[in-house]
Each structure stands twice: as C-alpha cells, then as structure tokens.
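Asker: My structure file structure_37.cif, mmCIF, C-alpha atoms and all ligand atoms, is below:
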data_work
#
loop_
_atom_site.label_atom_id
_atom_site.label_comp_id
_atom_site.auth_asym_id
_atom_site.auth_seq_id
_atom_site.Cartn_x
_atom_site.Cartn_y
_atom_site.Cartn_z
CA MET A 24 0.00 0.00 0.00
CA LEU A 25 1.18 3.51 -0.84
CA VAL A 26 -0.05 6.27 1.44
CA ILE A 27 0.54 9.96 0.76
CA LYS A 28 -0.24 12.33 3.62
CA ASP A 29 -0.39 16.14 3.52
CA LEU A 30 2.20 16.26 0.76
CA ASN A 31 3.46 19.71 -0.22
CA VAL A 32 6.10 20.57 -2.78
CA ARG A 33 7.34 24.06 -3.49
CA TYR A 34 10.20 24.39 -5.95
CA PRO A 35 12.90 26.94 -5.04
CA GLN A 36 11.91 30.43 -6.14
CA ALA A 37 8.41 29.26 -7.16
CA LYS A 38 5.52 31.48 -6.05
CA GLU A 39 2.94 28.69 -5.93
CA LYS A 40 3.24 25.15 -4.60
CA ALA A 41 3.55 22.42 -7.24
CA LEU A 42 1.67 20.08 -4.87
CA SER A 43 -0.60 21.33 -2.11
CA ASN A 44 -1.87 19.18 0.79
CA VAL A 45 -2.14 16.03 -1.29
CA ASN A 46 -3.67 13.05 0.52
CA LEU A 47 -3.94 9.80 -1.43
CA THR A 48 -3.98 6.07 -0.74
CA PHE A 49 -3.15 3.50 -3.39
CA GLU A 50 -3.96 -0.18 -2.88
CA ASN A 51 -1.68 -2.79 -4.45
CA GLU A 52 -2.88 -3.86 -7.92
CA GLU A 53 -4.81 -0.66 -8.69
CA PHE A 54 -4.42 0.92 -12.14
CA VAL A 55 -4.59 4.66 -11.61
CA CYS A 56 -4.46 7.38 -14.26
CA VAL A 57 -3.58 10.90 -13.16
CA LEU A 58 -5.11 13.71 -15.21
CA GLY A 59 -4.60 17.45 -15.14
CA LYS A 60 -3.68 20.45 -17.24
CA SER A 61 -0.08 21.14 -18.08
CA GLY A 62 1.60 22.37 -14.89
CA ALA A 63 -1.03 20.83 -12.57
CA GLY A 64 1.62 18.82 -10.71
CA LYS A 65 1.31 15.35 -12.27
CA SER A 66 5.05 14.82 -12.93
CA THR A 67 5.93 16.20 -9.51
CA LEU A 68 3.62 13.66 -7.90
CA ILE A 69 5.16 10.74 -9.80
CA ARG A 70 8.68 11.99 -9.06
CA CYS A 71 7.87 12.25 -5.35
CA ILE A 72 6.58 8.68 -5.30
CA ASN A 73 9.86 7.24 -6.59
CA GLY A 74 11.94 9.59 -4.48
CA LEU A 75 13.37 11.62 -7.38
CA GLN A 76 11.77 14.77 -5.95
CA THR A 77 11.98 15.72 -2.29
CA SER A 78 8.89 17.12 -0.63
CA THR A 79 8.65 20.38 1.32
CA SER A 80 6.43 18.71 3.93
CA GLY A 81 4.21 15.67 4.37
CA SER A 82 4.96 11.98 3.98
CA ILE A 83 4.92 9.13 1.50
CA ASN A 84 4.71 5.64 2.94
CA TRP A 85 5.38 2.62 0.77
CA GLN A 86 4.79 -0.78 2.44
CA GLY A 87 5.36 0.88 5.82
CA LEU A 88 8.59 2.67 4.79
CA ARG A 89 8.58 6.45 4.90
CA ILE A 90 10.16 7.18 1.50
CA ASN A 91 10.97 10.84 2.12
CA ASP A 92 13.09 10.03 5.20
CA LEU A 93 15.26 7.35 3.64
CA LYS A 94 19.01 7.53 3.18
CA GLU A 95 20.30 7.27 -0.39
CA ASN A 96 21.17 3.54 -0.23
CA GLU A 97 17.75 2.67 1.25
CA LEU A 98 16.06 4.87 -1.33
CA ARG A 99 17.91 2.99 -4.07
CA LYS A 100 16.32 -0.26 -2.86
CA VAL A 101 12.85 1.32 -2.93
CA ARG A 102 13.47 2.69 -6.43
CA CYS A 103 14.29 -0.84 -7.59
CA GLU A 104 10.72 -1.75 -6.66
CA MET A 105 9.39 1.10 -8.78
CA GLY A 106 9.70 0.66 -12.52
CA MET A 107 9.40 3.92 -14.40
CA ILE A 108 8.56 4.71 -18.02
CA PHE A 109 8.87 8.13 -19.63
CA GLN A 110 7.36 10.23 -22.41
CA HIS A 111 10.67 10.43 -24.26
CA PHE A 112 11.65 6.85 -23.37
CA ASN A 113 15.08 7.74 -21.83
CA LEU A 114 16.89 5.01 -23.76
CA ILE A 115 20.48 4.88 -24.98
CA PRO A 116 20.02 5.36 -28.75
CA ARG A 117 23.26 3.73 -29.97
CA MET A 118 22.78 0.60 -27.88
CA ASN A 119 20.59 -2.28 -28.97
CA ILE A 120 17.33 -3.39 -27.36
CA LEU A 121 18.93 -6.12 -25.23
CA GLN A 122 21.65 -3.77 -23.93
CA ASN A 123 19.06 -1.11 -23.07
CA VAL A 124 16.81 -3.59 -21.29
CA LEU A 125 19.73 -5.00 -19.28
CA THR A 126 20.29 -1.55 -17.74
CA GLY A 127 17.05 -2.20 -15.84
CA MET A 128 19.11 -4.48 -13.59
CA PHE A 129 21.77 -1.91 -12.77
CA GLY A 130 20.21 -0.83 -9.46
CA LYS A 131 20.57 -4.32 -7.99
CA ARG A 132 24.14 -5.11 -9.16
CA LYS A 133 27.70 -4.11 -8.30
CA PRO A 134 28.67 -0.90 -10.22
CA ILE A 135 31.84 -2.53 -11.57
CA LYS A 136 29.80 -5.29 -13.24
CA ASN A 137 27.54 -2.65 -14.81
CA LEU A 138 30.56 -0.70 -16.03
CA LEU A 139 32.10 -3.75 -17.65
CA GLY A 140 28.76 -5.03 -18.99
CA ILE A 141 29.14 -8.43 -17.34
CA PHE A 142 25.85 -10.33 -17.14
CA SER A 143 25.29 -13.94 -16.10
CA GLN A 144 23.43 -16.42 -18.28
CA GLU A 145 20.48 -16.24 -15.88
CA GLU A 146 20.37 -12.42 -16.13
CA ARG A 147 20.43 -12.57 -19.92
CA GLU A 148 17.68 -15.15 -19.97
CA ARG A 149 15.51 -12.92 -17.78
CA ALA A 150 16.14 -10.03 -20.19
CA HIS A 151 15.16 -12.22 -23.15
CA LYS A 152 11.94 -13.13 -21.36
CA VAL A 153 10.83 -9.54 -20.77
CA ILE A 154 11.73 -8.62 -24.36
CA GLU A 155 9.48 -11.47 -25.43
CA GLU A 156 6.71 -10.09 -23.18
CA VAL A 157 6.77 -6.77 -25.05
CA GLU A 158 6.90 -8.65 -28.38
CA LEU A 159 10.30 -7.42 -29.53
CA SER A 160 12.24 -10.71 -29.58
CA GLU A 161 12.91 -10.58 -33.30
CA HIS A 162 14.44 -7.09 -32.99
CA MET A 163 16.58 -7.80 -29.92
CA PHE A 164 19.89 -6.78 -31.53
CA ARG A 165 18.63 -3.70 -33.37
CA ARG A 166 19.84 -0.33 -32.23
CA VAL A 167 17.18 1.61 -30.39
CA GLU A 168 17.69 4.69 -32.60
CA GLU A 169 16.27 2.68 -35.53
CA LEU A 170 12.97 1.92 -33.76
CA SER A 171 9.55 3.61 -33.96
CA GLY A 172 8.17 5.49 -30.94
CA GLY A 173 5.88 2.60 -30.04
CA GLN A 174 8.77 0.11 -30.21
CA LYS A 175 10.94 2.43 -28.10
CA GLN A 176 8.25 2.56 -25.43
CA ARG A 177 8.10 -1.24 -25.49
CA VAL A 178 11.84 -1.25 -24.75
CA GLY A 179 11.20 1.20 -21.88
CA ILE A 180 8.52 -1.10 -20.51
CA ALA A 181 10.79 -4.18 -20.78
CA ARG A 182 13.61 -2.32 -19.00
CA ALA A 183 11.26 -1.35 -16.15
CA LEU A 184 9.90 -4.90 -15.98
CA LEU A 185 13.38 -6.38 -15.65
CA GLN A 186 13.63 -4.59 -12.31
CA GLN A 187 10.84 -6.92 -11.13
CA PRO A 188 8.98 -3.90 -9.79
CA LYS A 189 6.00 -3.83 -7.48
CA VAL A 190 4.96 -0.38 -8.68
CA PHE A 191 4.83 0.73 -12.29
CA LEU A 192 5.03 4.51 -12.76
CA GLY A 193 4.55 6.36 -16.03
CA ASP A 194 5.13 10.03 -16.75
CA GLU A 195 3.09 10.65 -19.92
CA PRO A 196 4.26 7.35 -21.46
CA VAL A 197 1.95 7.63 -24.48
CA ALA A 198 2.00 11.39 -25.06
CA SER A 199 4.49 11.14 -27.96
CA LEU A 200 2.61 8.38 -29.77
CA ASP A 201 -0.17 8.43 -32.38
CA PRO A 202 -3.64 7.47 -31.04
CA GLY A 203 -3.58 3.89 -32.32
CA THR A 204 -0.11 3.20 -30.94
CA ALA A 205 -1.06 4.92 -27.67
CA HIS A 206 -3.95 2.45 -27.26
CA LYS A 207 -1.66 -0.51 -28.02
CA ILE A 208 0.90 0.64 -25.46
CA MET A 209 -1.79 1.26 -22.84
CA GLN A 210 -3.15 -2.22 -23.54
CA LEU A 211 0.34 -3.68 -23.10
CA ILE A 212 0.81 -1.79 -19.82
CA LYS A 213 -2.55 -3.11 -18.64
CA THR A 214 -1.69 -6.70 -19.62
CA ILE A 215 1.64 -6.46 -17.76
CA HIS A 216 -0.12 -4.79 -14.81
CA ASN A 217 -2.59 -7.69 -14.56
CA LYS A 218 -0.03 -10.45 -15.10
CA HIS A 219 2.53 -9.15 -12.60
CA LYS A 220 -0.05 -7.79 -10.13
CA LEU A 221 1.48 -4.32 -10.01
CA LEU A 222 0.30 -1.05 -8.59
CA THR A 223 0.29 1.14 -11.72
CA ILE A 224 0.16 4.94 -11.63
CA ILE A 225 0.32 6.76 -14.95
CA ASN A 226 0.00 10.39 -16.00
CA VAL A 227 -1.96 10.86 -19.19
CA HIS A 228 -3.38 13.78 -21.12
CA ASP A 229 -5.97 11.73 -22.97
CA VAL A 230 -9.15 11.34 -20.91
CA THR A 231 -10.48 8.62 -23.21
CA LEU A 232 -7.43 6.47 -22.47
CA ALA A 233 -7.77 7.08 -18.73
CA LYS A 234 -11.46 6.14 -18.76
CA LYS A 235 -10.80 3.01 -20.81
CA TYR A 236 -7.87 1.55 -18.87
CA ALA A 237 -7.85 2.94 -15.32
CA THR A 238 -9.58 1.41 -12.31
CA ARG A 239 -9.41 4.88 -10.71
CA ILE A 240 -8.83 8.41 -11.95
CA ILE A 241 -7.17 11.18 -9.97
CA ALA A 242 -7.26 14.73 -11.31
CA LEU A 243 -4.99 17.52 -10.14
CA LYS A 244 -5.49 21.24 -10.54
CA GLU A 245 -2.92 23.76 -9.37
CA GLY A 246 -1.29 21.08 -7.23
CA LYS A 247 -4.50 19.99 -5.50
CA VAL A 248 -6.51 16.80 -5.91
CA ILE A 249 -9.89 17.82 -7.32
CA PHE A 250 -11.14 14.41 -8.42
CA ASN A 251 -10.47 10.96 -7.00
CA GLY A 252 -12.90 8.27 -8.11
CA TYR A 253 -14.15 5.68 -10.57
CA PRO A 254 -13.47 6.39 -14.27
CA GLU A 255 -17.18 6.25 -15.14
CA THR A 256 -17.88 9.11 -12.71
CA PHE A 257 -15.36 11.41 -14.41
CA ASN A 258 -17.96 13.30 -16.45
CA GLU A 259 -18.15 16.28 -18.81
CA GLU A 260 -18.56 18.74 -15.93
CA MET A 261 -15.38 17.45 -14.31
CA TYR A 262 -13.60 17.56 -17.68
CA HIS A 263 -14.45 21.26 -18.00
CA LEU A 264 -13.28 21.95 -14.47
CA VAL A 265 -9.98 20.09 -14.82
CA TYR A 266 -9.04 21.48 -18.24
CA GLU A 267 -10.70 24.90 -17.88
CA THR A 268 -12.40 24.62 -21.23
CA ASN A 269 -15.93 24.91 -22.60
CA GLU A 270 -15.18 22.58 -25.48
CA PRO A 271 -17.39 19.47 -25.45
CA ALA A 272 -15.66 16.44 -23.96
CA PHE A 273 -14.83 14.08 -26.83
CA PHE A 274 -15.46 10.98 -24.72
CA GLU A 275 -19.03 12.10 -23.91
CA GLN A 276 -19.88 12.85 -27.55
CA HIS A 277 -18.65 9.54 -28.88
CA PRO A 278 -19.86 6.69 -26.70
CA LEU A 279 -18.53 4.23 -29.30
CA VAL A 280 -15.00 5.25 -28.40
CA MET A 281 -15.70 4.07 -24.87
CA SER A 282 -16.54 0.58 -26.07
CA MET A 283 -13.41 0.13 -28.19
N1 LIG B 301 12.35 21.78 -11.48
C1 LIG B 301 11.41 22.72 -11.31
N2 LIG B 301 11.74 23.94 -10.82
C2 LIG B 301 10.79 24.89 -10.63
N3 LIG B 301 9.48 24.72 -10.91
C3 LIG B 301 9.10 23.52 -11.41
C4 LIG B 301 10.05 22.47 -11.64
N4 LIG B 301 9.38 21.41 -12.15
C5 LIG B 301 8.08 21.78 -12.22
N5 LIG B 301 7.91 23.04 -11.79
C6 LIG B 301 6.65 23.76 -11.69
O1 LIG B 301 5.78 23.01 -10.85
C7 LIG B 301 4.46 23.01 -11.35
C8 LIG B 301 4.01 21.57 -11.60
O2 LIG B 301 4.80 21.06 -12.65
P1 LIG B 301 4.67 19.53 -13.17
O3 LIG B 301 5.74 19.32 -14.18
O4 LIG B 301 4.62 18.63 -12.00
O5 LIG B 301 3.25 19.58 -13.88
P2 LIG B 301 2.59 18.56 -14.92
O6 LIG B 301 1.16 18.46 -14.55
O7 LIG B 301 3.36 17.30 -14.94
O8 LIG B 301 2.75 19.33 -16.29
P3 LIG B 301 2.95 18.71 -17.80
O9 LIG B 301 1.66 18.02 -18.13
O10 LIG B 301 3.18 19.92 -18.63
O11 LIG B 301 4.13 17.79 -17.74
C9 LIG B 301 4.47 23.89 -12.60
O12 LIG B 301 4.08 25.19 -12.24
C10 LIG B 301 5.92 23.88 -13.03
O13 LIG B 301 6.27 25.07 -13.69
#
Can you turn what I pasted into structure tokens?

Answerer:
Amino acid sequence: MLVIKDLNVRYPQAKEKALSNVNLTFENEEFVCVLGKSGAGKSTLIRCINGLQTSTSGSINWQGLRINDLKENELRKVRCEMGMIFQHFNLIPRMNILQNVLTGMFGKRKPIKNLLGIFSQEERERAHKVIEEVELSEHMFRRVEELSGGQKQRVGIARALLQQPKVFLGDEPVASLDPGTAHKIMQLIKTIHNKHKLLTIINVHDVTLAKKYATRIIALKEGKVIFNGYPETFNEEMYHLVYETNEPAFFEQHPLVMSM
C-alpha cells in the first residue's frame, strides 16, 4: 500500500506550490491514471513517489517505509521496486534493445559489473523473457535509434519490468505516440499490470485512455486533488473543471470510443 499524507512541494523560487496538501492512498494492484492540465503537478507527484523529488512537507509511505526520510542507499532499494517509463523513453540510442533492457538491472548489481557489462546467463535469460513479453524478440539486436516510438516505449517497458517492480510509474508514457499506438501501449501496460499484479500509476493527457484503462482516476489542478474516483464518474462537468475549457468532452460525444 502507498499512502501519501499532507504532501506539499514548493520548488525553489516558485511562487505557488507544485503540490498542495495532497492526501492519497493507493492499494496494491490498482491501475490509476492521473489527469490534469499542463503544470497541474502530475510529474511532480510521480517523481515524489519514486523519491526523485523531495517534498517540502508531508509523507509518503510505501509498504510501511517512509520514503521521504530514507538515506540514499535505502532509497535505491525502494526505487528498484518502482519501474518507471517516460514520455521520451530515456533510452540509450546507440545501444541495442537487449543492452538497453539490461540496464534495468543496474540498481541491484555491483557498479563494476555494470561498467564492464558483465551479465550472467540467468540475467540474460531474464532479459530475453521480458523482451518477449513486449513482443520485440525478433528485434533484440537492433539499435534503439532505428525503432519507432511505439517500439521504443516497449523497450522502456521491458527495462522497467526487468527490475521486477512492485509499482509501475509512467510520466506521460503515451504522449508522444499516435492514437492507435497509444492504445496498443496502454493495452500492453494493462496486460503487464494484470499479469505481474502491479500497482500502476500513470499520468496521461488523454481522458479517453484514462477512462478506458484505469480502475481509478485522480485529477490535479494547481497542485490539488480535485477528483479521485471511478473512471465512469469522471464526467463532462469534471472535464471542464480540470481542463478549464468549454469545449465538449470528446469521450461524452462519442460513446462508441468508450466501447473500443
Ligand atoms: N524543477 C522545477 N523547478 C521549478 N518549478 C518547477 C520544476 N518542475 C516543475 N515546476 C513547476 O511546478 C508546477 C508543476 O509542474 P509539473 O511538471 O509537475 O506539472 P505537470 O502536470 O506534470 O505538467 P505537464 O503536463 O506539462 O508535464 C508547474 O508550475 C511547473 O512550472
């Protein structure tokens, strides 16, 4: 269980808080999508959860451990339990898929072994298995720079999966992809989420995707939680409030999209 209590984040020199009195509880195996306008605080929230961003006040408890009080080596262990995928993939372009995926193990190994690129047979086999899970086995030795965006995100997912995480975090993982590919990647994330029984927390801009895949939606506005509930209850009124727009909500106009 992940419990966030009275979390506040104010960046140095910032006038407003990026997160303001955030209180949230996540049960293991939930699939949560976080919505909000640009600048609402979504990335800050994700970065706080994996300890990349320190909080100004408040607490984050993961399985009874207070993340924001941990020393660097303890934090490293917690981060190993949190696989992360990114909008721009954060891969090493000149390295091949297998080499990129193997970096997912780095947190749990001796630095010298990482530096020399020494991996046991068992470690390589595990890497092959996760590459198979994201359906990239036949491209294993291709350089990442030659891949499409969707394939790159599959590599990112395989790398995170190799960590054997308990939490899967995504900071806009489908924002750089076309709508069809975005659906395929969300479907893959959901399949992996179900198979590995992960707690998944993902920032998305696309409400339709959130409503289709999430078991819960959280919406942030100016650093505050303004919606926390079932996807089906995130309605047009809430859409207008979150995105400060009078435009009709696409998902309400096209019920067929919801049944895709
Ligand atoms: N490193 C930083 N230093 C100062 N201010 C920051 C920093 N990172 C984010 N902010 C500010 O904190 C607020 C929340 O930003 P955050 O990136 O968390 O929002 P977001 O909802 O993820 O936005 P986007 O959808 O555009 O990625 C914004 O006002 C932003 O300008």

Asker: Excluding range 131-136 of chain A and its own-chain neighbours fewer than 6 positions away, which residues fall within 8 Å of it when counting only C-alpha atoms? Please give them as a ChimeraX atom specification.

Answerer: /A:100,103,142

Asker: For the residues selected in the previous step, produce a file with C-alpha atoms as a JSON list (two decimals), in the coordinates of the input.

Answerer:
[["chain", "number", "residue", "atom", "x", "y", "z"],
["A", 100, "LYS", "CA", 16.32, -0.26, -2.86],
["A", 103, "CYS", "CA", 14.29, -0.84, -7.59],
["A", 142, "PHE", "CA", 25.85, -10.33, -17.14]]

Asker: How many Å lie between CA of His162 in chain A and CA of Gln176 in chain A, rounded to one decimal?

Answerer: 13.7 Å

Asker: Hey, can I get the axis-aligned box for range 212-224 of chain A? All listed atoms, 4 Å padding on each side, centre and edge lengths in Å to one decimal, as JSON.

Answerer:
{"center_x": 0.0, "center_y": -2.8, "center_z": -14.2, "size_x": 13.1, "size_y": 23.4, "size_z": 19.2}

Asker: Would you compute the distance between CA of Leu211 in chain A and CA of Glu158 in chain A? Give it in Å to one decimal.

Answerer: 9.8 Å

Asker: Identify which of the residues A:Thr231, A:Thr238, A:Ser43, A:Asn73 lies closest to Glu259 in chain A, counting only C-alpha atoms when measuring atom-to-atom distances.

Answerer: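 Smallest distance to Glu259 in chain A is found for A:Thr231.
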